[in-house]
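Novice: Structure below; questions to follow.
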Amino acid sequence: MVVPTKKAMNQRLVSWTLVVGLFVISCVAELERFEHAGKPDGSLSFLVVGDWGRRGHYNQSQVAFQMGKIGEQLDIDFIISTGDNFYDNGLTAVDDPLFHQSFTDIYTAPSLQKQWYNVLGNHDYRGNAEAQLSPILTKMDSRWLCLRSFVLNAGPEIAEFFFVDTTPFVTKYFSDPEDHVYDWKTILPREKYLNNLLMEVESAIGESRAKWKIVVGHHAIKSAGHHGNTKELNIHLLPLLQTYDVDLYINGHDHCLQHISSSDCGTQFMTSGGGSKAWRGDVSWWNPQELKFYHDGQGFMSVEMTPTEVSIKFYDVFGNVLHNWSSSKQLSFAI
């Protein structure tokens, strides 16, 4: 069960600047925060899927079926979506039937009737982005929770997740949108939005005392896939991951499954964007010492965690385990 904290209910202004005469007020609001309890034994497990909402087509239903089976085996606590929730152009409104056709009617397994934590992808911004953020959708399907950016404390304090709205960082969506119309309401002026978001994210990560710190966004920081690296995130977001020792960066956008362990950063980069349509053979060369795994097909990812261990597996559309990775760390005790 997801529980909004008091901070989520009433965002607190954490810094103020007053210019006499002009009354210019600069403030940084905290990201909304939620809590999700772990298991009684102190462990946590969840699934990650991205780039999925196609009315069950392109193997979306098959991926959902395997997610249900693995979700039952692991007794998952929740599901994370890395964005591009509804194709091709998001939702038109809160009453768009695509919500039921691509979400409620697809992820029907008993094990998937858990909380879903969702971020927006670039395709979601091509529709009515506000519709996906509306509490009306949560009333229609209580599993649904989608915000632009927020913090999830799971365990509690086994892991803290920092969900980041990455689409507004990408310049080409503004300078060369092609034939697409993006919903930039509440985003403009863009520079102010991004500056505030980066300050909020840095404040949240910097204050975190969780055993594991995980950042979730739609766009990849590092990827050998079709879209490749997102240069804007390498400039603005990657330094925060490096400075604050973030353990995992999880994304979608590239329609593949992928694990990159970069030599210039302790963060592991995991792509789970195989929820439906995939691109066969569209792979760029990457240093084989860093590219631990790449699958250009459909699938999803599972994560099992304790305060000292994390185990990640990637599954294909048939439920086969394609790649696994694990890590451990010692508990630190205050003296």
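Residues in the structure tokens are named by chain (A, B, ... in the order shown) and by number from 1 within that chain; ligands are numbered from 1 in the order shown.
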Just list the residues in range 128-240 of chain A DSSP gives helix (DSSP H, G or I) on the backbone, as a PyMOL selection string.
Specialist: chain A and resi 129-133+135-140+167-169+172-175+190-207+231-236+238-240
Novice: If you take only C-alpha atoms and a cut-off of 12 Å, which residues of range 29-92 of chain A touch range 320-330 of chain A, and what are their nearest atom pairs and distances in Å to one decimal, in chain and number order, as a Markdown table?
Specialist:
| residue | atom | partner | partner_atom | distance |
| --- | --- | --- | --- | --- |
| A:Val63 | CA | A:Asn320 | CA | 11.3 |
| A:Gln66 | CA | A:Asn320 | CA | 9.2 |
| A:Met67 | CA | A:Asn320 | CA | 11.2 |
| A:Lys69 | CA | A:Asn320 | CA | 11.5 |
| A:Ile70 | CA | A:Asn320 | CA | 10.2 |
Novice: Where does range 131-207 of chain A meet range 75-78 of chain A within 10 Å, residue by residue, with the nearest atom pair and distance in Å to one decimal for each, counting only C-alpha atoms, listed by chain and rising number, as a Markdown table?
Specialist:
| residue | atom | partner | partner_atom | distance |
| --- | --- | --- | --- | --- |
| A:Arg143 | CA | A:Phe78 | CA | 9.2 |
| A:Ala154 | CA | A:Asp77 | CA | 9.5 |
| A:Gly155 | CA | A:Asp77 | CA | 9.9 |
Novice: For Ser61 in chain A, please output as a ChimeraX atom specification all residues within 10 Å (counting only C-alpha atoms; exclusion window: fewer than 5 positions along the same chain).
Specialist: /A:52-56,66-67,102,105-108,275-276,317
Novice: Print the selection's residues with N, CA, C and O atoms to a file, as a PDB file, in the first residue's frame.
Specialist:
ATOM      1  N   TRP A  52       5.167   0.344 -23.183  1.00  0.00           N
ATOM      2  CA  TRP A  52       4.276  -0.806 -23.262  1.00  0.00           C
ATOM      3  C   TRP A  52       2.900  -0.577 -23.872  1.00  0.00           C
ATOM      4  O   TRP A  52       2.348  -1.475 -24.503  1.00  0.00           O
ATOM      5  N   GLY A  53       2.274   0.580 -23.739  1.00  0.00           N
ATOM      6  CA  GLY A  53       0.834   0.704 -23.932  1.00  0.00           C
ATOM      7  C   GLY A  53       0.337   0.644 -25.365  1.00  0.00           C
ATOM      8  O   GLY A  53       0.106   1.665 -26.017  1.00  0.00           O
ATOM      9  N   ARG A  54       0.099  -0.562 -25.895  1.00  0.00           N
ATOM     10  CA  ARG A  54      -0.319  -0.735 -27.292  1.00  0.00           C
ATOM     11  C   ARG A  54      -1.543  -1.655 -27.420  1.00  0.00           C
ATOM     12  O   ARG A  54      -1.623  -2.467 -28.340  1.00  0.00           O
ATOM     13  N   ARG A  55      -2.466  -1.547 -26.485  1.00  0.00           N
ATOM     14  CA  ARG A  55      -3.702  -2.348 -26.528  1.00  0.00           C
ATOM     15  C   ARG A  55      -3.428  -3.854 -26.586  1.00  0.00           C
ATOM     16  O   ARG A  55      -4.210  -4.620 -27.132  1.00  0.00           O
ATOM     17  N   GLY A  56      -2.313  -4.270 -26.051  1.00  0.00           N
ATOM     18  CA  GLY A  56      -1.969  -5.679 -26.030  1.00  0.00           C
ATOM     19  C   GLY A  56      -1.180  -6.148 -27.230  1.00  0.00           C
ATOM     20  O   GLY A  56      -0.694  -7.293 -27.240  1.00  0.00           O
ATOM     21  N   GLN A  66       3.854 -13.061 -18.644  1.00  0.00           N
ATOM     22  CA  GLN A  66       5.065 -13.511 -17.961  1.00  0.00           C
ATOM     23  C   GLN A  66       5.348 -12.671 -16.718  1.00  0.00           C
ATOM     24  O   GLN A  66       5.838 -13.197 -15.700  1.00  0.00           O
ATOM     25  N   MET A  67       5.049 -11.380 -16.771  1.00  0.00           N
ATOM     26  CA  MET A  67       5.181 -10.549 -15.580  1.00  0.00           C
ATOM     27  C   MET A  67       4.319 -11.082 -14.441  1.00  0.00           C
ATOM     28  O   MET A  67       4.740 -11.102 -13.281  1.00  0.00           O
ATOM     29  N   SER A 102      -5.092  -0.537 -22.635  1.00  0.00           N
ATOM     30  CA  SER A 102      -3.650  -0.786 -22.601  1.00  0.00           C
ATOM     31  C   SER A 102      -3.100  -1.023 -21.208  1.00  0.00           C
ATOM     32  O   SER A 102      -1.958  -1.457 -21.074  1.00  0.00           O
ATOM     33  N   ASP A 105      -7.002  -3.627 -18.693  1.00  0.00           N
ATOM     34  CA  ASP A 105      -7.424  -4.880 -19.315  1.00  0.00           C
ATOM     35  C   ASP A 105      -6.265  -5.778 -19.716  1.00  0.00           C
ATOM     36  O   ASP A 105      -6.494  -6.909 -20.182  1.00  0.00           O
ATOM     37  N   ILE A 106      -5.038  -5.317 -19.545  1.00  0.00           N
ATOM     38  CA  ILE A 106      -3.858  -6.088 -19.962  1.00  0.00           C
ATOM     39  C   ILE A 106      -3.144  -6.711 -18.767  1.00  0.00           C
ATOM     40  O   ILE A 106      -2.824  -7.908 -18.767  1.00  0.00           O
ATOM     41  N   TYR A 107      -2.923  -5.927 -17.735  1.00  0.00           N
ATOM     42  CA  TYR A 107      -2.164  -6.412 -16.579  1.00  0.00           C
ATOM     43  C   TYR A 107      -3.131  -6.943 -15.527  1.00  0.00           C
ATOM     44  O   TYR A 107      -3.368  -6.319 -14.485  1.00  0.00           O
ATOM     45  N   THR A 108      -3.716  -8.099 -15.854  1.00  0.00           N
ATOM     46  CA  THR A 108      -4.829  -8.632 -15.069  1.00  0.00           C
ATOM     47  C   THR A 108      -4.422  -9.714 -14.069  1.00  0.00           C
ATOM     48  O   THR A 108      -5.249 -10.136 -13.260  1.00  0.00           O
ATOM     49  N   GLY A 275       8.477  -3.475 -23.139  1.00  0.00           N
ATOM     50  CA  GLY A 275       7.120  -3.854 -22.768  1.00  0.00           C
ATOM     51  C   GLY A 275       6.213  -4.217 -23.918  1.00  0.00           C
ATOM     52  O   GLY A 275       5.193  -4.874 -23.726  1.00  0.00           O
ATOM     53  N   SER A 276       6.558  -3.788 -25.148  1.00  0.00           N
ATOM     54  CA  SER A 276       5.757  -4.180 -26.321  1.00  0.00           C
ATOM     55  C   SER A 276       6.635  -4.150 -27.563  1.00  0.00           C
ATOM     56  O   SER A 276       7.523  -4.983 -27.701  1.00  0.00           O
ATOM     57  N   VAL A 317      10.214 -12.476 -23.510  1.00  0.00           N
ATOM     58  CA  VAL A 317       8.766 -12.595 -23.652  1.00  0.00           C
ATOM     59  C   VAL A 317       8.263 -13.990 -23.298  1.00  0.00           C
ATOM     60  O   VAL A 317       7.060 -14.192 -23.086  1.00  0.00           O
TER      61      VAL A 317
END
Novice: Looking only at the backbone, which of the residues in range 71-320 of chain A does DSSP tag as strand (DSSP E), as number ranges by chain?
Specialist: A: 78-81, 115-118, 144-146, 150-155, 159-164, 212-217, 248-251, 257-261, 268-272, 291-295, 299-305, 309-316
Novice: Nearest residue to Val246 in chain A out of A:Leu331, A:Thr306, A:Ala159, A:Lys313, using only C-alpha atoms?
Specialist: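 Closest candidate: A:Ala159.
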Novice: Nearest to Gly225 in chain A among A:Pro156, A:Gly206, A:Pro168, A:Gly297, with distances taken over only C-alpha atoms: which residue is it?
Specialist: A:Gly297
Novice: Do you have the CA of Phe46 in chain A-CA of Asn89 in chain A distance handy?
Specialist: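 Atom-to-atom, CA of Phe46 in chain A to CA of Asn89 in chain A, that is 27.4 Å.
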Novice: For a quick check of understanding, using only C-alpha atoms, which of A:Glu160, A:Asn229, A:Ile260, A:Asp141 has the smallest distance to His100 in chain A?
Specialist: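 When distances to His100 in chain A are compared using only C-alpha atoms, the smallest one comes from A:Asp141.
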Novice: Skip Ile79 in chain A itself and residues of its chain fewer than 6 positions away, then list as a ChimeraX atom specification all residues within 7 Å of it, counting only C-alpha atoms.
Specialist: /A:46-48,115-117
Novice: Name the residues in contact with Thr243 in chain A at a cut-off of 12 Å, using only C-alpha atoms, excluding same-chain residues fewer than 4 positions from it; report them as a PyMOL selection string.
Specialist: chain A and resi 202+205-206+236-239+247+264-267
Novice: Residues near range 270-272 of chain A, anyone? I mean within 7 Å using only C-alpha atoms, not counting same-chain ones fewer than 2 positions away, as a ChimeraX atom specification.
Specialist: /A:48-50,249-252,256-260,268,274,300-301
Novice: Do you know which residues are at most 6 Å from Leu91 in chain A counting only C-alpha atoms, after dropping those on the same chain fewer than 2 positions away, and could you put them as a ChimeraX atom specification?
Specialist: /A:93,127-128
Novice: Could those selected residues go to a file with C-alpha atoms, as an mmCIF file, in the first residue's frame?
Specialist:
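What ended up in result-v8.cif:
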data_model
loop_
_atom_site.group_PDB
_atom_site.id
_atom_site.type_symbol
_atom_site.label_atom_id
_atom_site.label_comp_id
_atom_site.auth_asym_id
_atom_site.auth_seq_id
_atom_site.Cartn_x
_atom_site.Cartn_y
_atom_site.Cartn_z
ATOM 1 C CA ALA A 93 -8.206 12.871 -21.748
ATOM 2 C CA GLY A 127 -1.037 13.600 -25.714
ATOM 3 C CA ASN A 128 -2.702 15.219 -22.732
#
Novice: Tell me which of A:Ala204, A:Ala224, A:Ala131, A:Ile187 sits closest to Asp282 in chain A, counting only C-alpha atoms.
Specialist: A:Ala224
Novice: If you measure from CA of Val170 in chain A to CA of Leu248 in chain A, what distance in Å do you get, rounded to one decimal?
Specialist: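 One can read the CA of Val170 in chain A to CA of Leu248 in chain A distance as 21.2 Å.
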Novice: Identify which of the residues A:His180, A:His226, A:Lys172, A:Lys139 lies closest to Tyr125 in chain A, counting only C-alpha atoms when measuring atom-to-atom distances.
Specialist: A:His180
Novice: Nearest to Ser149 in chain A: which of A:Ile235, A:Val164, A:Ala129, A:Ala220 is it, counting only C-alpha atoms?
Specialist: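 Ranking A:Ile235, A:Val164, A:Ala129, A:Ala220 by distance to Ser149 in chain A, first place goes to A:Val164.
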